[in-house]
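S.K.: Could you have a look at this structure, given as structure tokens, before my questions?
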Amino acid sequence: DQQVKQNSPSLSVQEGRISILNCDYTNSMFDYFLWYKKYPAEGPTFLISISSIKDKNEDGRFTVFLNKSAKHLSLHIVPSQPGDSAVYFCAAAEYGNKLVFGAGTILRVKS
Amino acid sequence: DTGVSQDPRHKITKRGQNVTFRCDPISEHNRLYWYRQTLGQGPEFLTYFQNEAQLEKSRLLSDRFSAERPKGSFSTLEIQRTEQGDSAMYLCAWRNEKLFFGSGTQLSVL
């Protein structure tokens with residue numbers, strides 16, 4: 001039972017353009033959402049988060065949008081850079097409970 | 001600085017052998033987690049500790065797996081009689097609100 005789904009296994013974007021990574025969830029009790037970035041042979045690193053009381057959170061080039069009615073969130077990276085090439089994981093949790101992760105999306109930014 | 005140090009970074013073992021991984025928090029972290037990540041999947045929760053108490057275990061944690069956190073400081077994860085399906089990256093993490101992962105231990109079972 002996959003509660004967090006990332007339906008795009010990979011995404012390829014030109015340097016300088018926008019990258020949009022998508023994530024859907026099924027558990028309406030989730031109230032906290034996070035994005036992580038992972039390079040090969042390293043642990044995931046925290047990128048940005050959003051709580052369910054907001055619909056947008058921005059941090060530099062990274063913006064996360066939350067649509068609670070659609071149970072959908074997205075991560076926008078503008079402008080995309082070659083160093084952004086990595087695997088991106090979406091995660092969700094009920095407050096205080098363990099995080100549940102999606103399967104990840106491989107982002108390739110071409111220079 | 002990930003907040004936790006994991007050892008070893010890589011482990012190659014033969015099927016049937018026992019392996020043990022260690023996680024050392026760099027400072028005091030009450031909540032310590034173990035996750036496992038296989039290729040093409042996101043991290044999957046295994047277990048977590050609140051100080052020395054193991055408060056939750058995933059059903060992924062078969063009886064071949066055991067985790068400890070003596071004295072509420074470092075934690076160990078042991079896998080007995082390893083199987084090829086145990087090959088994965090094993091991640092230790094600490095949490096305040098967000099989860100912060102260590103660099104992981106990559107296990108390969110031959």
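Chain labels follow the order of the structure tokens: the first chain is A, the next B, and so on; residue numbering restarts at 1 in every chain, and ligands are counted from 1 in their shown order.
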Which residues of chain A sit at most 9 Å from chain B, using only C-alpha atoms? Give each one's shortest atom pair and distance in Å (one decimal place), in chain and ascending residue order, as a tab-separated table.
M.R.:
```
residue	atom	partner	partner_atom	distance
A:Pro9	CA	B:Gly40	CA	8.5
A:Leu34	CA	B:Lys98	CA	8.0
A:Ala41	CA	B:Gln106	CA	7.6
A:Glu42	CA	B:Ser103	CA	4.9
A:Gly43	CA	B:Ser103	CA	4.4
A:Pro44	CA	B:Phe101	CA	6.2
A:Thr45	CA	B:Phe101	CA	6.7
A:Phe46	CA	B:Phe100	CA	6.7
A:Ser49	CA	B:Lys98	CA	8.2
A:Phe89	CA	B:Gly42	CA	6.7
A:Cys90	CA	B:Gly42	CA	8.6
A:Ala91	CA	B:Gly42	CA	8.9
A:Tyr95	CA	B:Glu97	CA	8.8
A:Gly96	CA	B:Glu97	CA	7.6
A:Lys98	CA	B:Phe45	CA	7.4
A:Leu99	CA	B:Phe45	CA	7.6
A:Val100	CA	B:Glu44	CA	7.2
A:Phe101	CA	B:Gly42	CA	5.4
A:Gly102	CA	B:Gly42	CA	5.4
A:Ala103	CA	B:Gln41	CA	4.3
A:Gly104	CA	B:Gly42	CA	5.9
```
S.K.: Determine, counting only C-alpha atoms, which protein, DNA and RNA residues have an atom within 12 Å of an atom of Leu66 (chain A); residues of the same chain fewer than 5 positions away are not included. Present the result as a PyMOL selection string.
M.R.: chain A and resi 22-25+30-35+49-58+71-76+90+92
S.K.: Run DSSP on the backbone and give me the residues of chain B it puts in strand (DSSP E or B), as a ChimeraX atom specification.
M.R.: /B:4-7,10-13,19-25,31-37,44-50,53-57,65-68,75-79,88-95,99-101,105-109
S.K.: Give me, as a PyMOL selection string, all polymer residues having an atom no more than 12 Å from Gln80 (chain B), counting only C-alpha atoms and skipping those fewer than 5 positions away in the same chain.
M.R.: chain B and resi 13-21+61-67+86+109
S.K.: Using only C-alpha atoms, which residues sit within 9 Å of Glu52 (chain B) once same-chain residues fewer than 4 positions away are excluded, as a count of residues only?
M.R.: 8
S.K.: Using DSSP on the backbone, list every residue of chain B that comes out as helix (DSSP H, G or I), and give them as a list in words.
M.R.: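 DSSP on the backbone gives helix (DSSP H, G or I) at Pro70, Lys71, Gly72, Gln84, Gly85 and Asp86 of chain B.
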S.K.: To one decimal place in Å, what is the distance between CA of Ser87 (chain B) and CA of Gln6 (chain A)?
M.R.: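 About the pair CA of Ser87 (chain B) and CA of Gln6 (chain A): they are 23.1 Å apart.
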